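What follows is the content of upload.txt, which has compact mmCIF, C-alpha atoms and all ligand atoms:
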# COMPACT_ATOMS: atom_id res chain seq x y z
CA MET S 1 58.90 88.66 57.28
CA LYS S 2 56.51 91.61 57.04
CA PHE S 3 58.17 95.01 56.62
CA LYS S 4 56.75 98.19 58.06
CA GLY S 5 56.34 99.50 54.51
CA TYR S 6 53.77 96.81 53.83
CA LEU S 7 51.95 97.49 57.08
CA LEU S 8 51.56 101.16 56.17
CA ALA S 9 50.38 100.25 52.68
CA ASP S 10 47.81 97.91 54.26
CA ASN S 11 46.48 100.77 56.36
CA PHE S 12 46.29 103.00 53.30
CA LEU S 13 44.31 100.40 51.36
CA LYS S 14 41.88 100.09 54.22
CA GLY S 15 41.21 103.81 54.00
CA LYS S 16 43.10 104.72 57.17
CA ASN S 17 44.65 107.73 55.46
CA MET S 18 45.04 109.80 58.60
CA ALA S 19 46.73 106.98 60.47
CA ARG S 20 49.06 106.41 57.53
CA SER S 21 49.95 110.07 57.15
CA GLU S 22 50.74 110.47 60.85
CA ALA S 23 52.74 107.24 60.90
CA VAL S 24 54.82 108.27 57.86
CA LYS S 25 55.68 111.60 59.49
CA GLN S 26 57.09 109.79 62.52
CA MET S 27 59.31 107.42 60.52
CA SER S 28 62.68 108.20 58.94
CA LYS S 29 63.89 107.52 55.43
CA LEU S 30 67.28 107.23 53.81
CA THR S 31 68.02 107.36 50.09
CA ILE S 32 71.08 105.54 48.77
CA LEU S 33 72.39 107.12 45.57
CA LEU S 34 72.91 104.60 42.78
CA PRO S 35 74.76 106.30 39.88
CA GLY S 36 73.49 104.93 36.59
CA GLY S 37 70.95 102.80 38.47
CA ILE S 38 73.71 100.28 39.25
CA ILE S 39 73.57 98.57 42.66
CA PRO S 40 77.05 97.60 43.91
CA PRO S 41 76.95 94.04 45.32
CA ALA S 42 78.48 95.17 48.64
CA ILE S 43 75.66 97.64 49.19
CA LEU S 44 73.01 95.14 48.16
CA ALA S 45 74.44 92.59 50.61
CA ARG S 46 74.52 95.16 53.41
CA VAL S 47 70.91 96.22 52.79
CA SER S 48 69.88 92.58 52.87
CA ASP S 49 71.75 92.07 56.13
CA LEU S 50 70.18 95.19 57.67
CA LEU S 51 66.73 93.94 56.71
CA GLU S 52 67.37 90.86 58.82
CA ARG S 53 68.05 93.02 61.87
CA PHE S 54 65.88 96.11 61.46
CA GLU S 55 62.38 96.64 60.15
CA PHE S 56 61.99 99.01 57.21
CA GLY S 57 60.60 99.09 53.71
CA LEU S 58 62.47 99.29 50.39
CA TYR S 59 61.50 101.44 47.44
CA VAL S 60 63.31 101.90 44.13
CA SER S 61 62.67 105.56 43.40
CA THR S 62 61.76 106.96 39.98
CA ALA S 63 65.20 108.60 40.06
CA GLN S 64 66.77 105.10 40.16
CA ASN S 65 67.92 105.38 43.75
CA LEU S 66 67.19 102.91 46.55
CA ARG S 67 65.15 104.41 49.35
CA LEU S 68 64.85 102.81 52.77
CA VAL S 69 61.48 103.92 54.09
CA ASN S 70 59.66 103.71 57.40
CA ILE S 71 62.84 103.37 59.45
CA ALA S 72 62.35 103.73 63.19
CA GLU S 73 64.04 106.99 64.16
CA GLU S 74 66.24 105.30 66.75
CA ASP S 75 67.61 102.89 64.08
CA LEU S 76 68.53 105.50 61.48
CA ALA S 77 72.05 106.41 62.63
CA ALA S 78 73.18 102.78 62.94
CA ILE S 79 71.75 101.85 59.53
CA LYS S 80 73.38 104.86 57.89
CA GLU S 81 76.74 104.15 59.46
CA GLU S 82 76.77 100.54 58.28
CA LEU S 83 75.75 101.49 54.76
CA ALA S 84 78.38 104.22 54.59
CA ALA S 85 81.00 101.65 55.63
CA ALA S 86 79.88 99.53 52.67
CA GLY S 87 80.50 102.48 50.35
CA ALA S 88 77.03 103.99 50.12
CA SER S 89 76.47 107.69 49.64
CA PHE S 90 73.19 109.37 50.35
CA LYS S 91 70.84 111.92 48.91
CA GLY S 92 71.01 115.25 50.68
CA PRO S 93 70.42 118.96 50.16
CA GLY S 94 72.82 120.87 47.93
CA LEU S 95 74.21 117.86 46.07
CA PHE S 96 74.46 117.77 42.31
CA PRO S 97 71.61 115.60 40.95
CA MET S 98 72.40 112.09 39.71
CA ALA S 99 71.52 111.64 36.05
CA LYS S 100 68.64 109.28 35.40
CA VAL S 101 69.65 106.94 32.58
CA CYS S 102 68.21 104.18 30.44
CA ILE S 103 70.25 100.97 30.25
CA GLY S 104 71.69 102.02 26.87
CA ALA S 105 74.15 99.99 24.80
CA THR S 106 75.14 97.95 27.87
CA SER S 107 71.98 95.89 27.57
CA CYS S 108 69.64 97.33 24.93
CA ASN S 109 69.83 96.39 21.24
CA LEU S 110 68.88 99.91 20.20
CA GLY S 111 71.47 101.57 22.40
CA ILE S 112 73.97 103.78 20.58
CA VAL S 113 76.08 104.72 23.61
CA ASP S 114 77.01 103.44 27.06
CA THR S 115 74.68 105.62 29.12
CA ILE S 116 76.08 104.40 32.43
CA GLU S 117 79.54 105.60 31.43
CA ILE S 118 78.08 108.98 30.47
CA SER S 119 76.32 109.19 33.83
CA ARG S 120 79.66 108.44 35.47
CA LYS S 121 81.35 111.20 33.46
CA ILE S 122 78.66 113.69 34.53
CA ALA S 123 79.16 112.67 38.17
CA GLU S 124 82.95 112.96 37.84
CA ARG S 125 82.71 116.45 36.38
CA PHE S 126 80.03 117.87 38.70
CA GLY S 127 79.72 115.54 41.68
CA ASP S 128 81.98 117.63 43.91
CA ARG S 129 79.78 120.69 43.66
CA THR S 130 78.08 121.76 46.86
CA ASN S 131 75.21 124.13 47.60
CA VAL S 132 73.63 123.26 44.25
CA LYS S 133 70.24 124.94 44.11
CA PRO S 134 67.23 122.69 43.54
CA LYS S 135 65.42 121.58 41.60
CA PHE S 136 66.60 120.51 38.22
CA LYS S 137 66.83 116.96 36.94
CA ILE S 138 69.13 115.42 34.35
CA ALA S 139 68.34 112.41 32.17
CA VAL S 140 70.41 110.56 29.59
CA SER S 141 68.99 108.32 26.85
CA GLY S 142 70.99 105.89 24.75
CA CYS S 143 68.94 106.49 21.57
CA PRO S 144 66.14 108.77 20.32
CA ALA S 145 63.47 106.53 21.92
CA ALA S 146 64.39 108.48 25.07
CA CYS S 147 63.19 105.83 27.54
CA SER S 148 64.77 107.64 30.50
CA GLY S 149 62.40 110.57 29.93
CA ALA S 150 65.17 112.86 28.66
CA MET S 151 62.59 115.06 26.90
CA LEU S 152 60.80 115.56 30.22
CA ALA S 153 63.90 116.41 32.22
CA ASP S 154 65.27 119.89 32.93
CA ILE S 155 68.42 118.82 31.09
CA GLY S 156 68.03 115.89 28.69
CA VAL S 157 70.85 114.24 26.77
CA VAL S 158 69.79 112.02 23.84
CA ALA S 159 72.25 109.94 21.82
CA THR S 160 71.70 109.84 18.06
CA ARG S 161 73.76 108.34 15.23
CA ALA S 162 75.02 111.88 14.53
CA GLY S 163 76.07 112.67 18.10
CA PHE S 164 74.26 113.94 21.17
CA ASP S 165 71.24 116.21 21.16
CA LEU S 166 70.68 118.26 24.27
CA TYR S 167 67.27 119.41 25.48
CA VAL S 168 66.40 121.83 28.23
CA GLY S 169 63.25 122.82 30.09
CA GLY S 170 61.33 119.54 30.08
CA LYS S 171 59.19 118.71 33.08
CA GLY S 172 56.38 116.54 34.32
CA GLY S 173 53.93 117.56 36.99
CA PRO S 174 50.45 119.03 36.54
CA ARG S 175 51.66 121.20 33.64
CA PRO S 176 54.08 118.96 31.75
CA ALA S 177 56.35 120.36 29.06
CA ALA S 178 58.69 118.81 26.51
CA GLY S 179 62.26 120.04 26.58
CA LYS S 180 63.53 122.29 23.79
CA ARG S 181 66.63 121.33 21.83
CA ILE S 182 69.64 123.59 22.23
CA LYS S 183 72.42 121.34 20.83
CA LYS S 184 72.41 118.88 17.94
CA GLY S 185 75.02 116.27 17.04
CA SER S 186 77.40 117.34 19.82
CA ASP S 187 80.31 115.28 21.13
CA LEU S 188 80.46 114.31 24.80
CA ALA S 189 82.90 117.09 25.70
CA GLY S 190 80.47 119.59 24.20
CA VAL S 191 77.60 118.06 26.18
CA LEU S 192 79.51 118.37 29.45
CA ASP S 193 80.49 121.97 28.69
CA THR S 194 76.87 122.83 27.89
CA ILE S 195 75.65 121.21 31.10
CA GLU S 196 78.18 123.32 32.98
CA SER S 197 76.89 126.52 31.35
CA LEU S 198 73.31 125.55 32.12
CA VAL S 199 74.01 124.69 35.75
CA ASP S 200 75.95 127.93 36.25
CA PHE S 201 73.04 129.84 34.73
CA HIS S 202 70.62 128.02 37.02
CA GLN S 203 72.77 128.78 40.04
CA GLN S 204 73.07 132.48 39.19
CA ASN S 205 69.43 133.01 38.27
CA THR S 206 67.67 130.97 40.92
CA GLY S 207 66.61 132.32 44.29
CA LYS S 208 65.59 129.30 46.29
CA LYS S 209 64.62 126.66 43.73
CA GLN S 210 63.60 126.70 40.10
CA ARG S 211 62.83 124.36 37.21
CA PHE S 212 64.48 125.15 33.89
CA ALA S 213 61.08 125.47 32.19
CA LYS S 214 60.85 128.96 33.73
CA LEU S 215 64.49 129.93 33.25
CA ILE S 216 64.55 129.27 29.50
CA GLU S 217 62.01 132.07 29.08
CA ALA S 218 64.43 134.64 30.53
CA ASP S 219 65.93 137.23 28.16
CA ASN S 220 69.43 136.35 29.30
CA PHE S 221 69.09 132.58 28.73
CA PRO S 222 72.36 131.87 26.88
CA PHE S 223 71.16 129.36 24.25
CA SER S 224 68.82 129.41 21.24
CA PHE S 225 66.41 126.62 20.40
CA ILE S 226 67.17 124.58 17.28
S1 LIG E 1 66.34 104.97 25.02
FE1 LIG E 1 67.02 103.59 23.41
S2 LIG E 1 68.89 102.69 24.26
FE2 LIG E 1 67.74 103.51 25.95
S3 LIG E 1 66.52 101.78 26.71
FE3 LIG E 1 65.25 103.01 25.30
S4 LIG E 1 65.48 101.96 23.35
FE4 LIG E 1 67.18 101.28 24.65
Could the structure of this file be written out as C-alpha cells, please?
Ligand code: SF4
Amino acid sequence: MKFKGYLLADNFLKGKNMARSEAVKQMSKLTILLPGGIIPPAILARVSDLLERFEFGLYVSTAQNLRLVNIAEEDLAAIKEELAAAGASFKGPGLFPMAKVCIGATSCNLGIVDTIEISRKIAERFGDRTNVKPKFKIAVSGCPAACSGAMLADIGVVATRAGFDLYVGGKGGPRPAAGKRIKKGSDLAGVLDTIESLVDFHQQNTGKKQRFAKLIEADNFPFSFI
C-alpha cells in the first residue's frame, strides 16, 4: 500500500516543490494527542483500521503526538469521529500544551523519576484550561541528561537526585536559547505550583502569542534566576 504521504514526499524529492506545496494546502491533517508519548492500544488499532480504508500518511511529531497527514478533506470528519469513539483527543487552539517527556525511570537506567506520571499530573492539573494563549512548550526530563530538551523548552522540568530543577525561557528556532533556572531541588507540588504561576503570568502578559524567552526579560517577571 502506498500512502499519500509517500507520494507527496516523492514529488518533493523530484524537485516538484510547487506541486507539493499546493497539494499540501488542499489536504487536511489531524493530530492525536498522546500524553507522555504513550499510544493506547485501542487508538493504535483504530488508526491501523482507518489506514486500510482511507489513504493518508502518518507522522510522529517532535511533540510526541501522532499526526495523520494528507487526509482527503471529505474523509476528515469520518476519520475524526471514529478516532474520538476510540478515546482519542485532538490538538486544537486554546488547549493547554502536552508536556514532552523522555521515557524516564519507566525504561531508562538513568531515570530518577517516572516522567510519564509527571506528565499525567501536569495534564490533570492544567488540562481543563481553555483559551490558553500560544505558544509555550513544556518538557520534562527524568535526569539531568535532559533528553526531552527541557533546557530548550519554555518551561523545562529536570529531575535530579536532590529534587526537581525548573527552567524557563528555553527555545529553539533561528535564535536558540537555553532556559534559565528558577527553582532548584523542588518537590513535585512545588513544580506544579510554579508552572501555574508561570502560565498565569504568560496569560496575563501575552497579547496574541509569546515565547517565554521574551517574557522573562520583563520587569514584573515574578522569579529570579538561580
Ligand atoms: S533524560 Fe535521563 S532519564 Fe530521560 S531518557 Fe535521557 S538519560 Fe534517560
So which residues are near ligand LIG 1 (chain E), meaning at most 7 Å away with all atoms listed in the file counted, given back as an mmCIF file with C-alpha atoms, in the frame of the given file?
data_model
loop_
_atom_site.group_PDB
_atom_site.id
_atom_site.type_symbol
_atom_site.label_atom_id
_atom_site.label_comp_id
_atom_site.auth_asym_id
_atom_site.auth_seq_id
_atom_site.Cartn_x
_atom_site.Cartn_y
_atom_site.Cartn_z
ATOM 1 C CA CYS S 102 68.210 104.180 30.440
ATOM 2 C CA ILE S 103 70.250 100.970 30.250
ATOM 3 C CA GLY S 104 71.690 102.020 26.870
ATOM 4 C CA ALA S 105 74.150 99.990 24.800
ATOM 5 C CA CYS S 108 69.640 97.330 24.930
ATOM 6 C CA ASN S 109 69.830 96.390 21.240
ATOM 7 C CA LEU S 110 68.880 99.910 20.200
ATOM 8 C CA GLY S 111 71.470 101.570 22.400
ATOM 9 C CA ILE S 112 73.970 103.780 20.580
ATOM 10 C CA SER S 141 68.990 108.320 26.850
ATOM 11 C CA GLY S 142 70.990 105.890 24.750
ATOM 12 C CA CYS S 143 68.940 106.490 21.570
ATOM 13 C CA PRO S 144 66.140 108.770 20.320
ATOM 14 C CA ALA S 145 63.470 106.530 21.920
ATOM 15 C CA ALA S 146 64.390 108.480 25.070
ATOM 16 C CA CYS S 147 63.190 105.830 27.540
ATOM 17 C CA SER S 148 64.770 107.640 30.500
#
Using all atoms listed in the file, which of S:Gly190, S:Pro134, S:Gly179, S:Gly170 sits nearest S:His202?
S:Pro134
So that I can see what lies close to S:Ala178, please list as a PDB file with C-alpha atoms, in the coordinates of the input the residues with an atom at most 8 Å from it, counting all atoms listed in the file and leaving out residues fewer than 2 positions away in the same chain.
ATOM      1  CA  MET S 151      62.590 115.060  26.900  1.00  0.00           C
ATOM      2  CA  LEU S 152      60.800 115.560  30.220  1.00  0.00           C
ATOM      3  CA  GLY S 169      63.250 122.820  30.090  1.00  0.00           C
ATOM      4  CA  GLY S 170      61.330 119.540  30.080  1.00  0.00           C
ATOM      5  CA  LYS S 171      59.190 118.710  33.080  1.00  0.00           C
ATOM      6  CA  PRO S 176      54.080 118.960  31.750  1.00  0.00           C
ATOM      7  CA  LYS S 180      63.530 122.290  23.790  1.00  0.00           C
TER       8      LYS S 180
END
Among S:Ser61, S:Phe212, S:Ile195, S:Ala72, S:Lys121 is approached most closely, using all atoms listed in the file, by S:Ile195
Name all residues at most 6 Å from S:Thr31 (count all atoms listed in the file; drop same-chain ones fewer than 3 positions away) and give them as a ChimeraX atom specification.
/S:66-67,90-91
Counting all atoms listed in the file, which of S:Arg175, S:Ala84, S:Ile38, S:Lys29 gets nearest to S:Asn70?
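Result for the nearest residue to S:Asn70: S:Lys29.
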Residues within 10 Å of stretch 62-64 of chain S, only C-alpha atoms, excluding chain neighbours under 2 positions, as an MDAnalysis selection string:
chainID S and resid 32:39 59:60 66:67 97:102 137:139 148
Using only C-alpha atoms, which protein or nucleic acid residues come within 12 Å of stretch 77-79 of chain S? Drop anything in the same chain fewer than 4 positions from it, and give the result as a tab-separated table (two decimals) with C-alpha atoms, keeping the file's coordinate frame.
chain	number	residue	atom	x	y	z
S	28	SER	CA	62.68	108.20	58.94
S	29	LYS	CA	63.89	107.52	55.43
S	30	LEU	CA	67.28	107.23	53.81
S	31	THR	CA	68.02	107.36	50.09
S	32	ILE	CA	71.08	105.54	48.77
S	43	ILE	CA	75.66	97.64	49.19
S	46	ARG	CA	74.52	95.16	53.41
S	47	VAL	CA	70.91	96.22	52.79
S	48	SER	CA	69.88	92.58	52.87
S	49	ASP	CA	71.75	92.07	56.13
S	50	LEU	CA	70.18	95.19	57.67
S	51	LEU	CA	66.73	93.94	56.71
S	52	GLU	CA	67.37	90.86	58.82
S	53	ARG	CA	68.05	93.02	61.87
S	54	PHE	CA	65.88	96.11	61.46
S	55	GLU	CA	62.38	96.64	60.15
S	56	PHE	CA	61.99	99.01	57.21
S	68	LEU	CA	64.85	102.81	52.77
S	69	VAL	CA	61.48	103.92	54.09
S	71	ILE	CA	62.84	103.37	59.45
S	72	ALA	CA	62.35	103.73	63.19
S	73	GLU	CA	64.04	106.99	64.16
S	83	LEU	CA	75.75	101.49	54.76
S	84	ALA	CA	78.38	104.22	54.59
S	85	ALA	CA	81.00	101.65	55.63
S	86	ALA	CA	79.88	99.53	52.67
S	88	ALA	CA	77.03	103.99	50.12
S	90	PHE	CA	73.19	109.37	50.35
Could you tell me how far atom CA of S:Thr194 lies from atom CA of S:Gly207, in Å and to one decimal?
21.5 Å
Show me, as JSON, the centre and edge lengths in Å to one decimal of the axis-aligned box that covers every listed atom of stretch 134-145 of chain S with 3 Å on each side.
{"center_x": 67.2, "center_y": 114.3, "center_z": 31.9, "size_x": 13.5, "size_y": 22.8, "size_z": 29.2}
Using Å and a single decimal, report how far atom CA of S:Pro41 sits from atom CA of S:Ala153.
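Atom CA of S:Pro41 lies 29.0 Å from atom CA of S:Ala153.
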In terms of only C-alpha atoms, the residue from S:Val191, S:Ala177, S:Lys133, S:Lys184 at minimal distance from S:Asn205 is S:Lys133
Could you give me, as number ranges by chain, the residues within 12 Å of S:Ile216, counting all atoms listed in the file and dropping anything in the same chain fewer than 6 positions from it?
S: 154-155, 167-170, 179-182, 198, 201-202, 205-206, 210, 222-225
Identify which of the residues S:Val140, S:Ile122, S:Leu58, S:Ala42 lies closest to S:Ala189, counting all atoms listed in the file when measuring atom-to-atom distances.
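Smallest separation from S:Ala189 among the options: S:Ile122.
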Go through S:Val199, S:Glu117, S:Lys209, S:Gly94 one by one, measure the shortest atom-to-atom distance of each to S:Val132 using all atoms listed in the file, and give the residue with the smallest value.
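Closest residue, counting all atoms listed in the file: S:Gly94.
Going from atom CA of S:Leu166 over to atom CA of S:Phe96, you cover 18.4 Å.
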